[in-house]
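Chemist: Got a structure for you, query.txt, holding compact mmCIF, C-alpha atoms.
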# COMPACT_ATOMS: atom_id res chain seq x y z
CA MET A 1 37.00 -8.73 -35.49
CA ARG A 2 39.86 -10.01 -33.27
CA ASN A 3 40.31 -6.56 -31.72
CA ASP A 4 36.57 -6.31 -31.05
CA LEU A 5 36.64 -9.70 -29.33
CA LYS A 6 39.57 -8.65 -27.14
CA ALA A 7 37.77 -5.44 -26.19
CA LEU A 8 34.68 -7.41 -25.15
CA GLN A 9 36.78 -9.86 -23.14
CA ALA A 10 38.61 -7.01 -21.42
CA ALA A 11 35.32 -5.30 -20.56
CA ALA A 12 33.94 -8.55 -19.16
CA SER A 13 37.10 -9.08 -17.11
CA ASN A 14 36.93 -5.56 -15.67
CA LYS A 15 33.27 -6.05 -14.80
CA LYS A 16 34.03 -9.27 -12.93
CA SER A 17 36.91 -7.71 -11.03
CA SER A 18 35.04 -4.55 -10.04
CA LYS A 19 33.83 -4.54 -6.47
CA SER A 20 30.10 -4.80 -6.01
CA PRO A 21 28.57 -2.89 -3.10
CA LEU A 22 27.55 -5.00 -0.11
CA VAL A 23 24.78 -4.19 2.33
CA LEU A 24 23.87 -5.94 5.54
CA GLY A 25 20.14 -6.59 5.81
CA LEU A 26 19.09 -6.84 9.46
CA ASP A 27 15.88 -7.75 11.25
CA LEU A 28 15.20 -8.54 14.89
CA GLU A 29 12.34 -10.21 16.65
CA GLY A 30 11.95 -9.36 20.31
CA ILE A 31 9.85 -9.32 23.43
CA ASN A 32 8.88 -5.79 24.39
CA GLU A 33 7.15 -4.36 27.41
CA ASN A 34 4.69 -2.15 25.49
CA LEU A 35 6.03 -1.34 22.04
CA LEU A 36 2.83 0.01 20.49
CA GLU A 37 2.12 2.60 23.18
CA ASN A 38 5.56 3.44 24.57
CA GLY A 39 8.07 2.44 21.90
CA VAL A 40 11.30 0.65 22.76
CA ASN A 41 12.19 0.28 26.45
CA LEU A 42 15.87 -0.66 26.48
CA THR A 43 15.75 -1.47 30.19
CA LEU A 44 13.29 -4.35 29.74
CA ASP A 45 13.02 -5.18 26.04
CA ARG A 46 15.09 -8.08 24.75
CA VAL A 47 16.00 -9.66 21.39
CA THR A 48 14.61 -13.14 20.70
CA GLU A 49 15.88 -13.62 17.14
CA ILE A 50 18.53 -12.13 14.86
CA GLY A 51 18.36 -12.40 11.08
CA ALA A 52 21.17 -10.87 9.02
CA VAL A 53 22.05 -11.22 5.35
CA LEU A 54 25.18 -9.87 3.69
CA TRP A 55 23.85 -8.94 0.25
CA ASP A 56 25.70 -8.39 -3.02
CA VAL A 57 23.93 -5.38 -4.51
CA ASN A 58 24.92 -5.90 -8.15
CA ARG A 59 24.31 -9.64 -8.20
CA GLN A 60 21.18 -9.30 -6.03
CA GLN A 61 22.23 -12.38 -4.09
CA PRO A 62 23.07 -13.23 -0.46
CA VAL A 63 26.72 -14.06 0.22
CA LYS A 64 26.42 -14.79 3.96
CA ILE A 65 23.40 -15.51 6.16
CA LEU A 66 23.07 -15.38 9.95
CA SER A 67 19.93 -16.73 11.60
CA GLU A 68 19.86 -17.30 15.36
CA LEU A 69 17.32 -17.55 18.15
CA ILE A 70 18.44 -15.71 21.28
CA ASP A 71 17.60 -16.68 24.87
CA GLU A 72 18.69 -13.70 26.98
CA PRO A 73 18.53 -14.72 30.65
CA ASP A 74 16.42 -11.77 31.80
CA HIS A 75 13.89 -11.55 28.98
CA LEU A 76 10.23 -11.03 29.77
CA PRO A 77 7.98 -14.08 29.30
CA LEU A 78 6.73 -14.32 25.73
CA ASP A 79 3.05 -13.50 25.80
CA GLU A 80 0.48 -15.38 23.74
CA ASP A 81 0.08 -12.62 21.14
CA THR A 82 3.83 -12.41 20.45
CA ALA A 83 4.17 -16.19 20.25
CA GLU A 84 1.25 -16.40 17.84
CA LEU A 85 2.66 -13.61 15.65
CA THR A 86 6.22 -14.94 15.39
CA GLY A 87 5.85 -18.64 16.18
CA ILE A 88 8.53 -18.21 18.86
CA ASP A 89 7.62 -19.19 22.44
CA ASP A 90 9.54 -19.68 25.69
CA GLN A 91 9.92 -23.41 25.16
CA MET A 92 11.41 -22.84 21.72
CA LEU A 93 13.90 -20.32 23.11
CA GLU A 94 14.85 -22.66 25.92
CA GLN A 95 15.55 -25.48 23.48
CA TRP A 96 17.10 -23.62 20.56
CA GLY A 97 18.05 -20.16 21.75
CA ALA A 98 21.71 -19.16 22.07
CA LYS A 99 22.84 -18.40 25.62
CA ASP A 100 25.72 -16.65 27.37
CA LYS A 101 29.01 -17.04 25.44
CA ASP A 102 27.18 -18.21 22.32
CA ILE A 103 25.35 -14.86 22.23
CA VAL A 104 28.71 -13.09 22.34
CA ARG A 105 29.93 -15.24 19.44
CA ILE A 106 26.81 -14.42 17.40
CA LEU A 107 27.18 -10.70 18.05
CA GLU A 108 30.85 -10.83 17.03
CA THR A 109 29.84 -12.61 13.80
CA LEU A 110 27.23 -9.93 13.14
CA VAL A 111 29.82 -7.19 13.74
CA SER A 112 32.21 -8.82 11.25
CA MET A 113 29.42 -8.91 8.65
CA ILE A 114 28.59 -5.24 9.23
CA GLU A 115 32.25 -4.30 8.87
CA LYS A 116 32.26 -5.86 5.39
CA ALA A 117 29.18 -3.91 4.33
CA ASP A 118 28.80 -0.39 2.94
CA ALA A 119 25.54 0.10 4.86
CA VAL A 120 23.03 -1.64 7.10
CA VAL A 121 19.49 -1.98 5.76
CA ALA A 122 16.55 -2.34 8.16
CA HIS A 123 12.85 -1.60 7.94
CA ASN A 124 12.08 1.14 10.48
CA GLY A 125 15.50 0.33 11.89
CA GLY A 126 16.07 3.66 13.57
CA ASN A 127 13.08 3.16 15.83
CA TYR A 128 13.56 -0.52 16.62
CA ASP A 129 16.39 -2.67 15.23
CA ARG A 130 19.24 -0.21 15.78
CA PRO A 131 18.54 0.71 19.42
CA MET A 132 17.70 -2.91 20.26
CA ILE A 133 20.87 -4.45 18.75
CA GLU A 134 23.17 -1.70 20.04
CA ALA A 135 21.78 -2.09 23.57
CA MET A 136 22.18 -5.85 23.31
CA ALA A 137 25.80 -5.52 22.18
CA GLU A 138 26.49 -3.21 25.12
CA ARG A 139 24.96 -5.71 27.57
CA PHE A 140 27.31 -8.43 26.30
CA GLY A 141 30.40 -6.23 26.06
CA VAL A 142 30.65 -6.29 22.25
CA LYS A 143 31.69 -3.06 20.53
CA PHE A 144 29.17 -2.24 17.84
CA PRO A 145 30.59 -0.52 14.73
CA ASP A 146 29.51 2.80 13.29
CA ALA A 147 27.68 2.33 10.00
CA VAL A 148 25.40 4.04 7.51
CA TRP A 149 21.85 2.88 8.22
CA ILE A 150 19.31 2.68 5.40
CA ASP A 151 15.62 2.61 6.31
CA SER A 152 13.84 0.59 3.63
CA GLY A 153 10.56 2.29 4.51
CA ARG A 154 11.92 5.85 4.35
CA ASP A 155 14.97 5.91 2.06
CA ILE A 156 13.46 4.25 -1.01
CA GLU A 157 11.47 6.37 -3.45
CA PHE A 158 8.47 4.12 -3.94
CA PRO A 159 5.85 4.97 -6.59
CA LYS A 160 3.21 7.35 -5.29
CA LYS A 161 0.54 4.67 -5.57
CA MET A 162 2.31 2.69 -2.83
CA HIS A 163 0.91 4.55 0.16
CA MET A 164 1.41 1.80 2.76
CA ARG A 165 4.86 1.17 4.19
CA SER A 166 4.37 -2.04 6.19
CA MET A 167 6.41 -5.00 4.97
CA ALA A 168 3.26 -6.99 4.16
CA ALA A 169 1.87 -4.13 2.04
CA LEU A 170 5.18 -3.61 0.23
CA GLU A 171 5.57 -7.32 -0.46
CA HIS A 172 2.10 -7.39 -1.99
CA ALA A 173 2.80 -4.25 -4.03
CA HIS A 174 5.97 -5.87 -5.42
CA GLY A 175 4.19 -9.05 -6.44
CA PHE A 176 5.14 -11.63 -3.84
CA VAL A 177 4.19 -13.00 -0.44
CA ASN A 178 6.61 -13.82 2.38
CA PRO A 179 5.66 -17.39 3.39
CA PHE A 180 7.23 -16.96 6.84
CA PRO A 181 6.39 -13.43 8.05
CA HIS A 182 7.71 -12.18 11.38
CA ARG A 183 10.68 -14.52 11.37
CA ALA A 184 13.86 -12.50 11.25
CA VAL A 185 15.84 -13.93 8.33
CA THR A 186 12.84 -14.38 6.02
CA ASP A 187 11.77 -10.81 6.73
CA VAL A 188 15.29 -9.69 5.80
CA LEU A 189 15.25 -11.60 2.51
CA SER A 190 11.84 -10.14 1.67
CA MET A 191 13.09 -6.66 2.49
CA LEU A 192 16.17 -7.11 0.29
CA LYS A 193 14.04 -8.37 -2.61
CA ILE A 194 12.11 -5.09 -2.44
CA PHE A 195 15.32 -3.08 -1.93
CA SER A 196 16.84 -4.61 -5.07
CA ALA A 197 14.05 -3.25 -7.27
CA TYR A 198 15.43 0.29 -6.82
CA ASP A 199 18.63 2.16 -7.63
CA TYR A 200 21.18 1.60 -4.88
CA GLU A 201 23.11 4.84 -5.42
CA ARG A 202 19.91 6.85 -5.06
CA ILE A 203 18.92 4.95 -1.91
CA TYR A 204 22.37 5.56 -0.41
CA ALA A 205 22.20 9.27 -1.27
CA LEU A 206 18.84 9.57 0.49
CA ALA A 207 20.01 7.56 3.51
CA THR A 208 23.02 9.82 4.01
CA SER A 209 21.01 13.02 3.57
CA PRO A 210 19.87 14.85 6.74
CA ILE A 211 16.19 14.67 7.59
CA VAL A 212 14.46 18.05 7.93
CA ARG A 213 11.01 19.00 9.19
CA VAL A 214 8.81 21.05 6.91
CA VAL A 215 5.70 22.77 8.26
CA ALA A 216 2.67 23.75 6.20
CA ASP A 217 1.63 27.39 6.33
CA LEU A 218 -1.94 26.65 7.38
CA LYS A 219 -3.55 29.05 9.81
CA ALA A 220 -7.13 29.02 11.02
CA PRO A 221 -9.31 31.40 8.98
CA ASN A 222 -11.99 33.78 10.06
CA TRP A 223 -14.73 31.20 10.43
CA LYS A 224 -17.37 33.81 9.69
CA ASP A 225 -15.87 34.48 6.26
CA GLN A 226 -17.08 31.65 4.00
CA ASN A 227 -14.57 32.46 1.24
CA ALA A 228 -11.71 32.22 3.76
CA VAL A 229 -13.10 28.95 5.12
CA ASP A 230 -13.37 27.48 1.63
CA GLU A 231 -9.79 28.46 0.84
CA PHE A 232 -8.62 27.03 4.16
CA ASN A 233 -10.32 23.69 3.42
CA ARG A 234 -8.88 23.63 -0.10
CA VAL A 235 -5.34 24.01 1.21
CA LYS A 236 -5.96 21.62 4.10
CA ASN A 237 -6.98 18.91 1.63
CA LYS A 238 -3.68 19.40 -0.20
CA VAL A 239 -1.78 19.23 3.09
CA ALA A 240 -3.47 15.97 4.03
CA LYS A 241 -2.91 14.53 0.54
CA ALA A 242 0.81 15.37 0.85
CA ARG A 243 0.80 13.19 4.02
CA PHE A 244 1.56 15.95 6.48
CA ARG A 245 0.64 15.04 10.05
CA TRP A 246 -1.10 17.11 12.69
CA ASN A 247 1.05 17.88 15.76
CA PRO A 248 -1.19 18.79 18.68
CA SER A 249 1.79 19.89 20.80
CA ASP A 250 2.58 22.92 18.62
CA LYS A 251 -0.62 22.88 16.52
CA THR A 252 1.13 22.49 13.17
CA TRP A 253 0.93 20.23 10.16
CA SER A 254 4.41 18.88 9.40
CA LYS A 255 6.34 16.24 7.52
CA GLU A 256 9.90 14.94 7.63
CA ILE A 257 11.75 14.80 4.31
CA HIS A 258 15.30 14.38 3.04
CA GLN A 259 17.34 17.56 2.69
CA ILE A 260 18.57 16.36 -0.70
CA LEU A 261 15.04 16.73 -2.11
CA LEU A 262 15.03 20.40 -1.11
CA ASP A 263 18.50 20.89 -2.59
CA GLU A 264 17.34 19.34 -5.88
CA GLY A 265 14.31 21.63 -5.99
CA LYS A 266 11.95 18.68 -6.38
CA ILE A 267 9.46 19.71 -3.71
CA ASP A 268 6.21 21.25 -4.90
CA PHE A 269 3.36 20.58 -2.49
CA GLY A 270 1.09 23.19 -4.05
CA PHE A 271 0.89 25.27 -0.86
CA GLU A 272 3.20 27.44 1.24
CA TRP A 273 5.54 25.74 3.69
CA SER A 274 8.78 26.36 5.59
CA VAL A 275 11.63 24.39 7.14
CA LYS A 276 11.60 24.29 10.95
CA ALA A 277 14.27 23.18 13.39
Once you've parsed the file, please lay out its structure as structure tokens.

Modeler:
Amino acid sequence: MRNDLKALQAAASNKKSSKSPLVLGLDLEGINENLLENGVNLTLDRVTEIGAVLWDVNRQQPVKILSELIDEPDHLPLDEDTAELTGIDDQMLEQWGAKDKDIVRILETLVSMIEKADAVVAHNGGNYDRPMIEAMAERFGVKFPDAVWIDSGRDIEFPKKMHMRSMAALEHAHGFVNPFPHRAVTDVLSMLKIFSAYDYERIYALATSPIVRVVADLKAPNWKDQNAVDEFNRVKNKVAKARFRWNPSDKTWSKEIHQILLDEGKIDFGFEWSVKA
């Protein structure tokens, strides 16, 4: 009995001393020239709020939180729609937003948090948060570190029934509501709550796997041949169900997936396809 007790105590001690992975959850709010139609414009677009949470993966708890409003001197005026969505307006930035040297200090704090983390987690970060924060760091002369970036909308294997990838839809699907949506730090905490429902090692493996483009083998049939048309429509329905997207530029149906899924042999769309550069 004594030996069993010692073994349990030793196991508990080793568990406590083992290092838990840390990730840095990041979300930005910003004022953008025309994000919906043109994407990020790093010449004009500016950050208005930074939310960052250093997150202990095993404990599923925050260990350090950064939440700051940012008043960059050359930001575009906050339009009514943006102010209504986020609750942040020009007056609020003027009163509470960090300026000049304080922005440098905040960026340096963010860098130190990232350097402690094994990866940065952001929702659609590659298209928004990463280019925005890296451009901001460059403007203020702060060297931004290299890091593994995890996209919580792309690098998590959600159940097939969860078709929507917006934060609001994912929050609902995981049984909770963010009471303060579109504020940076609360969006981060919501994202990390969802993130923590899935296996971290698998997420990391997906995030570090190259993304490849697969194209469906779907060619227009002889429209006068009804059997060929029926077969074409049957395959097209499968292509659409597999969430391939139509590309008018090269007239193909394609989808981006992780290379690791191909390597594991887990892809079976039920129709012919090929990998394209």

Chemist: I'd like the contact shell of Lys251 (chain A) - 12 Å cut-off, all atoms listed in the file, skipping same-chain residues fewer than 5 positions apart - returned as a PyMOL selection string.

Modeler: chain A and resi 215-220+245-246

Chemist: Nearest to Ser190 (chain A) among A:Asn237, A:Asn127, A:Ser152, A:Thr208, with distances taken over all atoms listed in the file: which residue is it?

Modeler: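 Smallest distance to Ser190 (chain A) is found for A:Ser152.
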
Chemist: So that I can check the surroundings of region 27-36 of chain A, please list as a ChimeraX atom specification every protein, DNA and RNA residue that reaches within 10 Å of it, counting only C-alpha atoms and ignoring chain neighbours fewer than 4 positions away.

Modeler: /A:40-53,67-70,75-79,82-83,86,88,121-125,128-130,132-133,182-189,191

Chemist: Near Phe158 (chain A), counting only C-alpha atoms, which residues have an atom at most 12 Å away, once you skip same-chain residues fewer than 5 positions from it, shown as a list in words?

Modeler: Ser152, Gly153, His163, Met164, Arg165, Leu170, Ala173, His174, Ile194, Phe195, Ala197, Tyr198, Asp199, Arg202 and Ile203 of chain A

Chemist: Produce a file of the selected residues containing C-alpha atoms, as a compact mmCIF listing (two decimals), in the coordinates of the input.

Modeler:
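File produced: result37.txt:
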# COMPACT_ATOMS: atom_id res chain seq x y z
CA SER A 152 13.84 0.59 3.63
CA GLY A 153 10.56 2.29 4.51
CA HIS A 163 0.91 4.55 0.16
CA MET A 164 1.41 1.80 2.76
CA ARG A 165 4.86 1.17 4.19
CA LEU A 170 5.18 -3.61 0.23
CA ALA A 173 2.80 -4.25 -4.03
CA HIS A 174 5.97 -5.87 -5.42
CA ILE A 194 12.11 -5.09 -2.44
CA PHE A 195 15.32 -3.08 -1.93
CA ALA A 197 14.05 -3.25 -7.27
CA TYR A 198 15.43 0.29 -6.82
CA ASP A 199 18.63 2.16 -7.63
CA ARG A 202 19.91 6.85 -5.06
CA ILE A 203 18.92 4.95 -1.91

Chemist: Find the distance between CA of Phe176 (chain A) and CA of Leu22 (chain A) and write it in Å to one decimal.

Modeler: 23.7 Å

Chemist: Record the distance separating CA of Asp155 (chain A) and CA of Ala207 (chain A), expressed in Å with one decimal.

Modeler: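 Going from CA of Asp155 (chain A) over to CA of Ala207 (chain A) covers 5.5 Å.
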
Chemist: For the atom pair CA of Ser209 (chain A) and CA of Ile156 (chain A), what is the interatomic distance in Å to one decimal place?

Modeler: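 Separation of CA of Ser209 (chain A) and CA of Ile156 (chain A): 12.4 Å.
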
Chemist: Of the residues A:Ala137, A:Pro159, A:Gln259, A:Val239, which is the one nearest to Pro210 (chain A), using only C-alpha atoms?

Modeler: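 Ranked by minimum distance to Pro210 (chain A), first place goes to A:Gln259.
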
Chemist: Kindly indicate which residue among A:Ile103, A:Val57, A:Leu85, A:Ala228 lies nearest to Lys193 (chain A), using only C-alpha atoms for the distances.

Modeler: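 Smallest separation from Lys193 (chain A) among the options: A:Val57.
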